[in-house]
Amino acid sequence: MLKYIFKRLSLLIPTLFGVVTIVFFMIALSPGDPARVMLGERATAASIEKLRHELGLDKPLYVQYGLYLKRVVRLDLGKSIKSGQKVSEEIRDHLPATVELAVWAMIFSTTVGILLGVLSATRKNSWIDFGSMASALVGVSMPVFWLALVFIMIFSVKLDLFPTGGRMNIRYYFTPISGVYVLDGFIILLKTGDPKVLFSALHHLVLPAIALGTIPLAITARITRSSLLEVLNQDYIKTARSAGIKESRVIYRYALKNALLPIITVVGLQVGMLLAGAILTETVFAWPGIGKWLYHAIEARDYPAVQGGIIFISISFVLINLIVDILYSVVNPKIRLS
Amino acid sequence: MSTEIKENIIEISSEKNSLFREALFQLKGNKSAIIGFIIIVGFILMAFLAPWLTPFEPNAQDISIRKTAPFVSSHILGTDDLGRDLLTRIIYGSRISLIIGTISVGISLTFGILIGLISGYYGGWVDRIVMRFIDIMLAIPYVLLTIVIVALLGPSLINAMIAIGVSQIPQYARVVRASVLAEKENDYITAERSLGASDSELMFKSILPNCIAPIFVQATLGIGDAILSSAALSFLGLGAQPPTSEWGLMIASSREFVTSAWWIVTFPGVAVLLTVLGFNLLADGLRDVLDPRMKD
């Protein structure tokens, strides 16, 4: 086990190094001079030259690359050109919002997805199976941002059930404790007995989390169905059934446990999708997270912020996948032995 | 003697090809494939026949009839904020989406096949380096990679196609490599090699045709994905630019009308949904038929 973890960890370093390298060169070699873009059309040659010098852009590329690597190793992602704030601080400020949104989207997509998958597999070829698989297919074919707009149109504008965007009703403004508003709301509830912050935070989360979770939900439902169907065909399930064990126990206690393996992998892969999908969802719902922040950085051609943001998201993606793989090998010895 | 063996080998590999044809024949019995196929053909016809299907011009503005509701006038799906016929714009939009899908998948296919073939066929250090590189590319979430590439190249429809095509290359390369690895171990390859077939002959004439099935499935899925991604890019202002009747752009410009004109928001999205659904259904059917292991 330890050997497997060590092997995976040793592969991690070249991957991370590769990501940093690719992102650096992609941005460094892209057409257009960042300094000129940042200063705009009317900038004088002297001011451009000054900024190029400040940013280190006048040095040879390999020197820039070496300097960048040196800084990244010390977790220094440079300063945002737009705000002048450290990129790492900006990421830290925007991260809780995205984590909160992604976690709720994940909870929603995983629970509902597995439930739909189990229902479909146990009632194969029934209308429930057909209905949930058809909606799963529609789910993966939908543009997320469009779904988000349709949600706003129906549930916010027409029915007035949920807010159109933002994380919190500004009337309940408070100084963030953890930055994860549901958690903060809970702490406030415990401290003061006032549930308004908690409710407002949850209220604002419903639509964005469902919108962001729809595609992962559809994928989870489909993989749960096919994985469970495969397990249900195996001999040990037949044995369990013929031994007279109750069907619900056969499914939840014996079959689903083994069917969970591929589901874990898929759910792990979805973390990356959620982080990337957050760009669109956060833009539509004015959700002040990493996605919206990165989008504005891209729009403003804020190169250090863009570089830092992509490196941060990719590294989180790689780390989460590593954790999933290790978890996977804990439950499935076949993997680490092969 | 050796020509006889060669003919035999050709027969064996063409038998594999006819298996592929048989699989396509089986598709006729596959409901999801048929529905998908019909939807796709519908959109293709729509794209080709656009000028004959509608009396309106996609970019003709008429402020006097702006935001006409659907189903009440000759503008069946209503008009947008500039009085342009929504149905016409959607019909013409199918041209753009299908072109984007085809070109970007073309880019990913060309490079993906080349990289996958070389990596899988030669193996060894070539394979190790290529796979390392692909792993790194896959570490950057696909949507993000596309957005960054297009943001760096500058927002335009062509750059969007390039960005989508390029960021999908690793996935194609992986699929191709996996099937090349399985295929090159077959006896007929060893036999052909012993008869003096060159590397490139083996790669492109013998191995590749037998790896087509998974590539085909991936490409079908890929067109749908590309259409979704291009809509997303246009939505973020990084793809098609106004007044192009691109579906994603139409949704983006409808954002301010969520309170006043639901049809401007709804219909372009339905068009994206239907097209992508068509490709996904067809890909599902293809996978069932071509790759029996994936069957439930």
# chains A, B, ... in the order shown; residues from 1 in each chain; ligands from 1
call {"tool": "interface_residues", "arguments": {"of": "chain A", "to": "chain B", "cutoff": "7 Å", "atoms": "only C-alpha atoms", "output": "PyMOL selection string"}}
result
chain A and resi 15+18-19+30-31+138+141-143+146+153+157+226+229-230+272-273+276+298+314+317-318
call {"tool": "residues_around", "arguments": {"residues": "Pro58 of chain B", "least_positions_apart": "4", "cutoff": "10 Å", "atoms": "only C-alpha atoms", "output": "list in words"}}
result
Ala50, Pro51, Thr54, Arg84, Asp85, Leu86, Leu87, Thr88, Arg89, Ile90, Ile91, Tyr92, Gly93, Pro243, Thr244 and Ser245 of chain B
call {"tool": "write_last_selection", "arguments": {"atoms": "C-alpha atoms", "output": "PDB file, in the first residue's frame"}}
result
ATOM      1  CA  ALA B  50     -31.406  27.535 -44.834  1.00  0.00           C
ATOM      2  CA  PRO B  51     -32.210  30.176 -47.513  1.00  0.00           C
ATOM      3  CA  THR B  54     -37.232  30.883 -44.297  1.00  0.00           C
ATOM      4  CA  ARG B  84     -34.556  39.826 -36.159  1.00  0.00           C
ATOM      5  CA  ASP B  85     -36.499  36.613 -36.831  1.00  0.00           C
ATOM      6  CA  LEU B  86     -35.456  34.102 -34.172  1.00  0.00           C
ATOM      7  CA  LEU B  87     -36.229  30.965 -36.170  1.00  0.00           C
ATOM      8  CA  THR B  88     -34.208  32.258 -39.117  1.00  0.00           C
ATOM      9  CA  ARG B  89     -31.263  32.976 -36.869  1.00  0.00           C
ATOM     10  CA  ILE B  90     -31.486  29.505 -35.346  1.00  0.00           C
ATOM     11  CA  ILE B  91     -31.656  27.895 -38.792  1.00  0.00           C
ATOM     12  CA  TYR B  92     -28.601  29.794 -39.984  1.00  0.00           C
ATOM     13  CA  GLY B  93     -26.927  29.082 -36.661  1.00  0.00           C
ATOM     14  CA  PRO B 243     -24.011  39.930 -35.286  1.00  0.00           C
ATOM     15  CA  THR B 244     -23.181  36.287 -36.121  1.00  0.00           C
ATOM     16  CA  SER B 245     -26.173  34.054 -35.517  1.00  0.00           C
TER      17      SER B 245
END
call {"tool": "atom_distance", "arguments": {"atom1": "atom CA of Val20 of chain A", "atom2": "atom CA of Gln171 of chain B"}}
result
20.2 Å
call {"tool": "closest_residue", "arguments": {"among": "A:Phe17, A:Leu149, A:Tyr295, A:Val63", "to": "Ser253 of chain B", "atoms": "only C-alpha atoms"}}
result
A:Leu149
call {"tool": "closest_atom_pairs", "arguments": {"of": "segment 107-210 of chain A", "to": "segment 252-267 of chain A", "cutoff": "9 Å", "atoms": "only C-alpha atoms", "output": "tab-separated table"}}
result
residue	atom	partner	partner_atom	distance
A:Thr110	CA	A:Val267	CA	7.4
A:Ile114	CA	A:Ile263	CA	8.5
A:Val118	CA	A:Leu256	CA	8.2
call {"tool": "residues_around", "arguments": {"residues": "His94 of chain A", "least_positions_apart": "2", "cutoff": "6 Å", "atoms": "only C-alpha atoms", "output": "MDAnalysis selection string"}}
result
chainID A and resid 91:92 96:97 289:290
call {"tool": "closest_residue", "arguments": {"among": "B:Met250, B:Ala60, B:Met203, B:Ile103", "to": "Leu117 of chain B", "atoms": "only C-alpha atoms"}}
result
B:Met203
call {"tool": "residues_around", "arguments": {"residues": "Leu202 of chain B", "least_positions_apart": "3", "cutoff": "10 Å", "atoms": "only C-alpha atoms", "output": "number ranges by chain"}}
result
B: 121, 184, 189-190, 192-193, 196-199, 205-208
call {"tool": "residues_around", "arguments": {"residues": "Glu90 of chain A", "least_positions_apart": "5", "cutoff": "9 Å", "atoms": "only C-alpha atoms", "output": "ChimeraX atom specification"}}
result
/A:80,85,95,290,293,305
call {"tool": "write_last_selection", "arguments": {"atoms": "N, CA, C and O atoms", "output": "CSV table (one decimal), in the first residue's frame"}}
result
chain,number,residue,atom,x,y,z
A,80,SER,N,-1.2,40.5,-9.1
A,80,SER,CA,-2.2,40.8,-10.2
A,80,SER,C,-2.0,42.2,-10.7
A,80,SER,O,-1.7,43.1,-9.9
A,85,GLN,N,-2.8,43.3,-6.0
A,85,GLN,CA,-2.8,42.3,-4.9
A,85,GLN,C,-2.0,41.1,-5.3
A,85,GLN,O,-1.9,40.7,-6.5
A,95,LEU,N,-11.6,31.5,-3.2
A,95,LEU,CA,-11.7,30.1,-3.1
A,95,LEU,C,-12.9,29.6,-2.3
A,95,LEU,O,-13.6,28.7,-2.8
A,290,ILE,N,-13.7,31.6,-7.7
A,290,ILE,CA,-12.5,31.5,-8.5
A,290,ILE,C,-12.8,31.6,-10.0
A,290,ILE,O,-12.1,32.3,-10.8
A,293,TRP,N,-13.7,35.1,-11.0
A,293,TRP,CA,-12.4,35.9,-10.9
A,293,TRP,C,-11.5,35.6,-12.1
A,293,TRP,O,-10.9,36.5,-12.7
A,305,ALA,N,-2.3,36.7,-13.0
A,305,ALA,CA,-3.5,36.1,-12.4
A,305,ALA,C,-4.0,34.9,-13.2
A,305,ALA,O,-4.3,33.9,-12.6
call {"tool": "atom_distance", "arguments": {"atom1": "atom CA of Glu49 of chain A", "atom2": "atom CA of His296 of chain A"}}
result
25.2 Å
